[in-house]
Amino acid sequence: MLVVAVLGPVEVRLGNARVAVPGGKTTEVLIRLALEAGRPVRADRLIEDLWAGAPVSRNSLQAKVSKLRRALGDPSLVSGDGFRYTLHVEPAAVDALEALRLAEIPAGEGLALFRGDVLLPDAGDGAWLEPWRARLTDARLRLAEAHYAEHGSIAELETLVAAHPLREALWELLITALYRDGRQGEALAACRRARATLAGELGVDPGPSLRDLERRILVQDAALAPPAGNLPALSESIVGRASDISEISLLLDESRLVTLVGPAGVGKTRLALARTGGWLVRLESAGSLWPAIGAAFGIAEATGAMVLDRLRGLRTLLILDNCEHLADRLVPVVERILGAAPGVTILATSQVPLHIPGEMTYAVKPLPPVFAAELFRDRASRHRPIAAGEDVAAVVRRLDGLPLAIELAAARAKALPPPEIARRLDDRFTVLTDPNSRLPARQRTLRAAIGWSYDLLSPDDRRGLQALSVFASGAPLEAADAVMVALGVPADAALDVLDRLVDRSLTSASMSGGAVRYRLLESVRAFAREQLAVPADSYGAAASRAAFYDAASAAHAAFYGAAASRASAGLRGPAQAEHLAFVRAESAEIDAAPDAPVGDRVDALLFAAWFEASGGDLDRAFADVAAARALAPLPRTLLFRAFLHSQQGRPAEALAALDEFRPVARGWERGAACLLVAWSRIALGDTAGARAACDEALSLLDDAWALSHAEALLGGLAQAEHRFADAVAHLTRAAGAAHRLGFAAAEALHLANLGRAQQQDGAPVAALDTLDRAAATAERVGEMRGVAFARTRRARVLRALGRLDECRADLRVARARYATAGGGDGDLLSALLLAALDDDRPALERVLADARAAGDAETELLTLDELGRLTGDPALSAAADALLPAAAHLVTPADRLSRR
């Protein structure tokens, strides 16, 4: 996620990494685009705003945009066509826009977004900044008013009033604070000062609100007294909860009963206490309810009648904290209070809703990563200084943004650096304790906090939670049912168990595309897995420690082994998109099912290898195929190995595997092998062999997936024979068929090849558009190698057109994607193009050695051309010419840019 901070010196973060942006006009372009956050800005407007009418061409602006793209490392973050540009960033991720939003609420926490006295200090001094700075100045003052209304001291308010003497709201805050401090005379004197200032500076009298405040002080209005109650002052700041606090306030305006629900340790109590005035009733260890509520008001041994008598006539907030273990008993008590005391509003905290008519619930979520990191730094800095360069991302990522866990981890920072804390989180319940804390026991250890919730569950609900703990990335409904039944939960009770676990905030249910997935926070999952090994429970079973764990693991393995076999069989049919969606969602579970039957496990490994090879990590894909062969050396594992070599761009190795496989291949698998033979023969320049393999494949195959690939191979054959118009026609049909059938990964591949054919056919503009679509399609389905392949081919077109900045930006994306995916077809070409742009002779020599080792004649020839250009050595150029017969099917004269 891109985050841009402009209210102080510009700071840019991409994910967890800080990005250095060149100063001057490049930074000004960034700020101008960031303030529009996702909306396009016309090039003419950018030039007018940033260059203030100076004679500047669009090329100058394009150069600054190119610099910005290079700095960000991902050119897709800044899109544009030379006439308008867009920075793809969420408004909430731009501090200035977030400050303006929070000022509308207003939420005092937004004041922390401002860094330094000067607003937008790196944005230059153009006239376009004046309205922005005016809006932000007003926003800062409104946020200051909201903040100091809750937290301001008289001294701080005096300073603010001196700086902004015409701001009546600040005078009201100062005057109210003086009155509540018992200084009525000084409060009235401040009223006179305000009146004199407004008359002297503006020639006006105070507004109605300030005049009314003076009147209320004169009559000592009881409503001006400090809010009554027993709420403790918060000892620590609340981080990242401004929006929550505001939304809860809105709910309390609408309803007399609001319940904050969420898992243990998420910060419900702290949010409830972020109120001004009210009465806190702690129910964690309460026995009888009426006495517990009465004790908050100083009533000893209170009865219901005594409490209701005290509440009648009050206009106040009653906070009932930790209600989950008393939810059923609380219902009649809350209903009586709401009926007898119409001025009382109740704010409850619980892991489960109270289910009372009129109740409004607010789900308190874990902190997003940016605020989780801020909380860790804030709390850890109380033990030792935390340097800006210390990476805390790994810690907060493993703690799911759970504030209690983050604060307990931060307490370890006095003795351990963040990376070591993260490493030790495999044993999180040992690490996440704070024996020196004076907080209640449930807040000193993570185990105690989760254990409190677990102890409140019924036996079926405990087994349901344990069943969910065996899933690495969450459970679809059918899989959760299967494992719960294996643990003894009645089949007809499984759905009710899941409902109760969601109700109690122990699991979340995410809905997408008509399906549901149940997920546990990692800390809850770790606790439940521990409980899975308990030797006996209320079922009365005296089982061994391993029995329940083995039952859960076996059920999980059986479900995913069978599902992977079905997906592997259905991959080539009209339901391919459905099966791909399944493996994309369930790949972590398939990998975590080592106990499946051998046949199912082989299918799962081969399917996982196919999926990884299509867009993930090639090294991992080869490891999956090797593991499948070790389990059962079936001939079809050779077909998968050949496919992996095709993804590497290594036709000779693919043919070697296919030569071993084809004598025993039958039916569809033989047809698929012929497709791979055709690809290999085309890559090696054997067009006759490729045509024969295509003909055989077409005689064996009749499914839409294979036929679309056959059409694409006919396009590849036409390219090899330099029939580029025919190639464009074939590849257009192949890409269209893949699109209609929903085969997005195949569509991206065919589009990338179509873009290359269009370039060869003399249509570079069409090629750029096609390659953009190829990259976008691959990105949409997570096919990172496809993104890299398309970007490399697009860079090739851009270099030929002389658009070198854009070329470099695409190559950087490609190189990063190839690195993530473990290389692949086009990897060496992308390295060559980038080295050629930089005139980097050592890098070119490394590419040459790698191309020769891989048998990549095209890259070897083009690299020799570039080295010949750099060194002027005719022997290198001659060596390139000598390779031309072996690479003529791949290289045209137009590709040899250094020889033109």
# chains A, B, ... in the order shown; residues from 1 in each chain; ligands from 1

call {"tool": "residues_around", "arguments": {"residues": "range 371-379 of chain A", "least_positions_apart": "4", "cutoff": "6 Å", "atoms": "only C-alpha atoms", "output": "PDB file with C-alpha atoms, in the first residue's frame"}}
result
ATOM      1  CA  VAL A 239      -3.370   4.892  18.695  1.00  0.00           C
ATOM      2  CA  GLY A 240      -5.169   4.475  15.393  1.00  0.00           C
ATOM      3  CA  LEU A 367      -5.443  -2.323  13.938  1.00  0.00           C
ATOM      4  CA  GLY A 401      -2.876  -6.075  14.614  1.00  0.00           C
ATOM      5  CA  ILE A 406       1.429  -5.723  20.280  1.00  0.00           C
ATOM      6  CA  ALA A 410       6.648  -4.036  22.814  1.00  0.00           C
TER       7      ALA A 410
END

call {"tool": "residues_around", "arguments": {"residues": "Asp850 in chain A", "least_positions_apart": "6", "cutoff": "12 Å", "atoms": "only C-alpha atoms", "output": "list in words"}}
result
Asp827, Leu828, Leu829, Ala831, Leu832, Ala843, Leu844, Asp856, Ala857, Thr859, Glu860 and Thr863 of chain A

call {"tool": "write_last_selection", "arguments": {"atoms": "N, CA, C and O atoms", "output": "PDB file, in the first residue's frame"}}
result
ATOM      1  N   ASP A 827      13.158 -13.779 -18.758  1.00  0.00           N
ATOM      2  CA  ASP A 827      13.960 -13.239 -17.657  1.00  0.00           C
ATOM      3  C   ASP A 827      15.309 -12.721 -18.167  1.00  0.00           C
ATOM      4  O   ASP A 827      15.721 -11.595 -17.877  1.00  0.00           O
ATOM      5  N   LEU A 828      15.987 -13.546 -18.968  1.00  0.00           N
ATOM      6  CA  LEU A 828      17.298 -13.123 -19.483  1.00  0.00           C
ATOM      7  C   LEU A 828      17.163 -11.929 -20.431  1.00  0.00           C
ATOM      8  O   LEU A 828      17.999 -11.026 -20.427  1.00  0.00           O
ATOM      9  N   LEU A 829      16.085 -11.906 -21.226  1.00  0.00           N
ATOM     10  CA  LEU A 829      15.894 -10.783 -22.135  1.00  0.00           C
ATOM     11  C   LEU A 829      15.693  -9.489 -21.355  1.00  0.00           C
ATOM     12  O   LEU A 829      16.224  -8.437 -21.737  1.00  0.00           O
ATOM     13  N   ALA A 831      16.902  -8.800 -18.414  1.00  0.00           N
ATOM     14  CA  ALA A 831      18.214  -8.421 -17.875  1.00  0.00           C
ATOM     15  C   ALA A 831      19.072  -7.782 -18.958  1.00  0.00           C
ATOM     16  O   ALA A 831      19.793  -6.793 -18.718  1.00  0.00           O
ATOM     17  N   LEU A 832      19.016  -8.335 -20.180  1.00  0.00           N
ATOM     18  CA  LEU A 832      19.772  -7.764 -21.302  1.00  0.00           C
ATOM     19  C   LEU A 832      19.316  -6.335 -21.600  1.00  0.00           C
ATOM     20  O   LEU A 832      20.143  -5.422 -21.744  1.00  0.00           O
ATOM     21  N   ALA A 843      27.376  -6.395 -16.624  1.00  0.00           N
ATOM     22  CA  ALA A 843      26.066  -7.045 -16.583  1.00  0.00           C
ATOM     23  C   ALA A 843      25.776  -7.744 -17.909  1.00  0.00           C
ATOM     24  O   ALA A 843      25.222  -8.854 -17.935  1.00  0.00           O
ATOM     25  N   LEU A 844      26.150  -7.114 -19.025  1.00  0.00           N
ATOM     26  CA  LEU A 844      25.953  -7.746 -20.324  1.00  0.00           C
ATOM     27  C   LEU A 844      26.769  -9.030 -20.446  1.00  0.00           C
ATOM     28  O   LEU A 844      26.294 -10.033 -21.011  1.00  0.00           O
ATOM     29  N   ASP A 856      19.890 -20.061 -25.010  1.00  0.00           N
ATOM     30  CA  ASP A 856      18.974 -19.002 -25.450  1.00  0.00           C
ATOM     31  C   ASP A 856      19.660 -18.220 -26.571  1.00  0.00           C
ATOM     32  O   ASP A 856      20.350 -17.218 -26.340  1.00  0.00           O
ATOM     33  N   ALA A 857      19.462 -18.683 -27.838  1.00  0.00           N
ATOM     34  CA  ALA A 857      20.175 -18.098 -28.969  1.00  0.00           C
ATOM     35  C   ALA A 857      19.756 -16.651 -29.207  1.00  0.00           C
ATOM     36  O   ALA A 857      20.581 -15.803 -29.592  1.00  0.00           O
ATOM     37  N   THR A 859      18.722 -14.265 -27.019  1.00  0.00           N
ATOM     38  CA  THR A 859      19.354 -13.351 -26.072  1.00  0.00           C
ATOM     39  C   THR A 859      20.861 -13.314 -26.283  1.00  0.00           C
ATOM     40  O   THR A 859      21.489 -12.253 -26.166  1.00  0.00           O
ATOM     41  N   GLU A 860      21.464 -14.466 -26.622  1.00  0.00           N
ATOM     42  CA  GLU A 860      22.913 -14.494 -26.875  1.00  0.00           C
ATOM     43  C   GLU A 860      23.257 -13.577 -28.043  1.00  0.00           C
ATOM     44  O   GLU A 860      24.200 -12.765 -27.959  1.00  0.00           O
ATOM     45  N   THR A 863      22.775  -9.859 -27.131  1.00  0.00           N
ATOM     46  CA  THR A 863      23.789  -9.424 -26.172  1.00  0.00           C
ATOM     47  C   THR A 863      25.130  -9.193 -26.869  1.00  0.00           C
ATOM     48  O   THR A 863      25.848  -8.222 -26.577  1.00  0.00           O
TER      49      THR A 863
END

call {"tool": "select_by_dssp", "arguments": {"residues": "range 94-325 of chain A", "states": "strand (DSSP E or B)", "output": "list in words"}}
result
Val94, Gly229, Leu257, Val258, Thr259, Leu260, Val261, Gly278, Trp279, Leu280, Val281, Arg282, Thr316, Leu317, Leu318, Ile319, Leu320 and Asp321 of chain A

call {"tool": "write_last_selection", "arguments": {"atoms": "N, CA and C atoms", "output": "compact mmCIF listing (two decimals), in the first residue's frame"}}
result
# COMPACT_ATOMS: atom_id res chain seq x y z
N VAL A 94 -3.13 9.52 2.32
CA VAL A 94 -2.49 10.84 2.15
C VAL A 94 -2.84 11.66 3.39
N GLY A 229 -19.03 11.28 37.24
CA GLY A 229 -18.76 9.89 36.92
C GLY A 229 -17.53 9.40 37.61
N LEU A 257 -28.48 1.90 23.65
CA LEU A 257 -27.71 0.70 23.99
C LEU A 257 -26.78 0.36 22.83
N VAL A 258 -25.49 0.52 23.07
CA VAL A 258 -24.47 0.20 22.07
C VAL A 258 -23.52 -0.81 22.70
N THR A 259 -23.23 -1.88 21.96
CA THR A 259 -22.30 -2.91 22.46
C THR A 259 -21.09 -2.98 21.55
N LEU A 260 -19.92 -2.82 22.14
CA LEU A 260 -18.67 -3.00 21.41
C LEU A 260 -18.31 -4.48 21.48
N VAL A 261 -18.21 -5.12 20.32
CA VAL A 261 -17.88 -6.54 20.28
C VAL A 261 -16.55 -6.74 19.57
N GLY A 278 -19.20 9.79 32.72
CA GLY A 278 -19.93 8.53 32.71
C GLY A 278 -19.51 7.67 33.88
N TRP A 279 -20.16 6.52 33.99
CA TRP A 279 -19.94 5.62 35.12
C TRP A 279 -19.51 4.26 34.59
N LEU A 280 -18.42 3.75 35.15
CA LEU A 280 -17.85 2.48 34.73
C LEU A 280 -18.22 1.39 35.73
N VAL A 281 -18.76 0.29 35.21
CA VAL A 281 -19.06 -0.89 36.02
C VAL A 281 -18.23 -2.04 35.46
N ARG A 282 -17.27 -2.52 36.23
CA ARG A 282 -16.42 -3.63 35.79
C ARG A 282 -17.08 -4.94 36.21
N THR A 316 -26.77 10.42 31.79
CA THR A 316 -25.39 9.97 31.91
C THR A 316 -25.16 8.74 31.04
N LEU A 317 -23.89 8.39 30.93
CA LEU A 317 -23.46 7.19 30.20
C LEU A 317 -23.07 6.13 31.22
N LEU A 318 -23.59 4.93 31.07
CA LEU A 318 -23.25 3.81 31.94
C LEU A 318 -22.48 2.79 31.11
N ILE A 319 -21.23 2.54 31.49
CA ILE A 319 -20.38 1.60 30.76
C ILE A 319 -20.35 0.27 31.51
N LEU A 320 -20.82 -0.78 30.87
CA LEU A 320 -20.79 -2.13 31.42
C LEU A 320 -19.67 -2.88 30.72
N ASP A 321 -18.60 -3.14 31.43
CA ASP A 321 -17.37 -3.67 30.83
C ASP A 321 -17.23 -5.17 31.08

call {"tool": "select_by_dssp", "arguments": {"residues": "range 195-405 of chain A", "states": "alpha helix (DSSP H)", "output": "JSON, numbers by chain"}}
result
{"A": [195, 196, 197, 198, 199, 200, 201, 202, 208, 209, 210, 211, 212, 213, 214, 215, 216, 217, 218, 242, 243, 244, 245, 246, 247, 248, 249, 250, 251, 252, 253, 254, 268, 269, 270, 271, 272, 289, 290, 291, 292, 293, 294, 295, 296, 304, 305, 306, 307, 308, 309, 310, 311, 327, 328, 329, 330, 331, 332, 333, 334, 335, 336, 337, 338, 339, 340, 369, 370, 371, 372, 373, 374, 375, 376, 377, 378, 379, 380, 393, 394, 395, 396, 397, 398, 403, 404, 405]}

call {"tool": "residues_around", "arguments": {"residues": "range 763-776 of chain A", "least_positions_apart": "2", "cutoff": "10 Å", "atoms": "only C-alpha atoms", "output": "PyMOL selection string"}}
result
chain A and resi 76+735+744-761+778-798+800-801

call {"tool": "atom_distance", "arguments": {"atom1": "CA of Arg195 in chain A", "atom2": "CA of Trp171 in chain A"}}
result
10.0 Å

call {"tool": "closest_residue", "arguments": {"among": "A:Lys67, A:Ala697, A:Trp679, A:Arg58", "to": "Gly82 in chain A", "atoms": "only C-alpha atoms"}}
result
A:Arg58

call {"tool": "closest_residue", "arguments": {"among": "A:Arg636, A:Leu804, A:Gly823, A:Val334", "to": "Arg620 in chain A", "atoms": "only C-alpha atoms"}}
result
A:Gly823

call {"tool": "closest_residue", "arguments": {"among": "A:Ser288, A:Pro40, A:Ser453, A:Ala272", "to": "Thr303 in chain A", "atoms": "only C-alpha atoms"}}
result
A:Ser288

call {"tool": "residues_around", "arguments": {"residues": "Leu61 in chain A", "least_positions_apart": "3", "cutoff": "10 Å", "atoms": "only C-alpha atoms", "output": "VMD selection string"}}
result
chain A and resid 25 to 26 29 43 to 44 46 to 47 50 to 51 56 to 58 64 to 67 82

call {"tool": "closest_residue", "arguments": {"among": "A:Leu178, A:His325, A:Ser255, A:Glu420", "to": "Pro342 in chain A", "atoms": "only C-alpha atoms"}}
result
A:Ser255

call {"tool": "residues_around", "arguments": {"residues": "Ala225 in chain A", "least_positions_apart": "4", "cutoff": "10 Å", "atoms": "only C-alpha atoms", "output": "list of chain:residue names"}}
result
A:Thr176, A:Ala177, A:Tyr179, A:Arg180, A:Asp181, A:Gly182, A:Gln220, A:Asp221

call {"tool": "write_last_selection", "arguments": {"atoms": "all heavy atoms", "output": "compact mmCIF listing (two decimals), in the first residue's frame"}}
result
# COMPACT_ATOMS: atom_id res chain seq x y z
N THR A 176 -14.22 27.86 29.61
CA THR A 176 -14.82 26.71 30.28
C THR A 176 -13.81 26.02 31.19
O THR A 176 -14.13 25.63 32.33
CB THR A 176 -15.37 25.71 29.24
OG1 THR A 176 -16.32 26.38 28.41
CG2 THR A 176 -16.04 24.53 29.91
N ALA A 177 -12.57 25.89 30.72
CA ALA A 177 -11.54 25.24 31.53
C ALA A 177 -11.25 26.04 32.79
O ALA A 177 -11.08 25.47 33.89
CB ALA A 177 -10.27 25.06 30.71
N TYR A 179 -13.34 28.03 34.36
CA TYR A 179 -14.49 27.91 35.25
C TYR A 179 -14.48 26.57 35.97
O TYR A 179 -14.71 26.49 37.19
CB TYR A 179 -15.79 28.09 34.46
CG TYR A 179 -17.02 27.98 35.32
CD1 TYR A 179 -17.41 29.04 36.14
CD2 TYR A 179 -17.80 26.82 35.33
CE1 TYR A 179 -18.54 28.94 36.96
CE2 TYR A 179 -18.92 26.71 36.12
CZ TYR A 179 -19.28 27.78 36.94
OH TYR A 179 -20.39 27.67 37.75
N ARG A 180 -14.21 25.49 35.23
CA ARG A 180 -14.21 24.16 35.84
C ARG A 180 -13.05 23.98 36.79
O ARG A 180 -13.09 23.09 37.65
CB ARG A 180 -14.17 23.09 34.74
CG ARG A 180 -15.49 22.97 34.00
CD ARG A 180 -15.43 21.95 32.88
NE ARG A 180 -16.75 21.76 32.28
CZ ARG A 180 -16.97 21.03 31.19
NH1 ARG A 180 -15.95 20.44 30.55
NH2 ARG A 180 -18.20 20.89 30.73
N ASP A 181 -12.04 24.82 36.67
CA ASP A 181 -10.91 24.76 37.61
C ASP A 181 -11.18 25.60 38.86
O ASP A 181 -10.27 25.81 39.67
CB ASP A 181 -9.64 25.25 36.89
CG ASP A 181 -8.37 24.83 37.62
OD1 ASP A 181 -8.30 23.67 38.08
OD2 ASP A 181 -7.46 25.67 37.73
N GLY A 182 -12.41 26.11 39.01
CA GLY A 182 -12.77 26.91 40.18
C GLY A 182 -12.32 28.36 40.08
O GLY A 182 -12.30 29.08 41.09
N GLN A 220 -23.82 30.44 37.25
CA GLN A 220 -23.24 29.18 37.73
C GLN A 220 -24.09 27.98 37.30
O GLN A 220 -24.50 27.15 38.11
CB GLN A 220 -23.04 29.22 39.25
CG GLN A 220 -22.06 30.28 39.69
CD GLN A 220 -21.77 30.23 41.16
OE1 GLN A 220 -22.43 29.54 41.93
NE2 GLN A 220 -20.77 30.98 41.60
N ASP A 221 -24.32 27.90 36.01
CA ASP A 221 -25.11 26.80 35.43
C ASP A 221 -24.48 25.46 35.81
O ASP A 221 -23.29 25.22 35.57
CB ASP A 221 -25.13 26.97 33.90
CG ASP A 221 -26.04 25.97 33.21
OD1 ASP A 221 -26.42 24.97 33.83
OD2 ASP A 221 -26.36 26.19 32.02

call {"tool": "residues_around", "arguments": {"residues": "Leu283 in chain A", "least_positions_apart": "2", "cutoff": "6 Å", "atoms": "only C-alpha atoms", "output": "PyMOL selection string"}}
result
chain A and resi 285-286+321-322
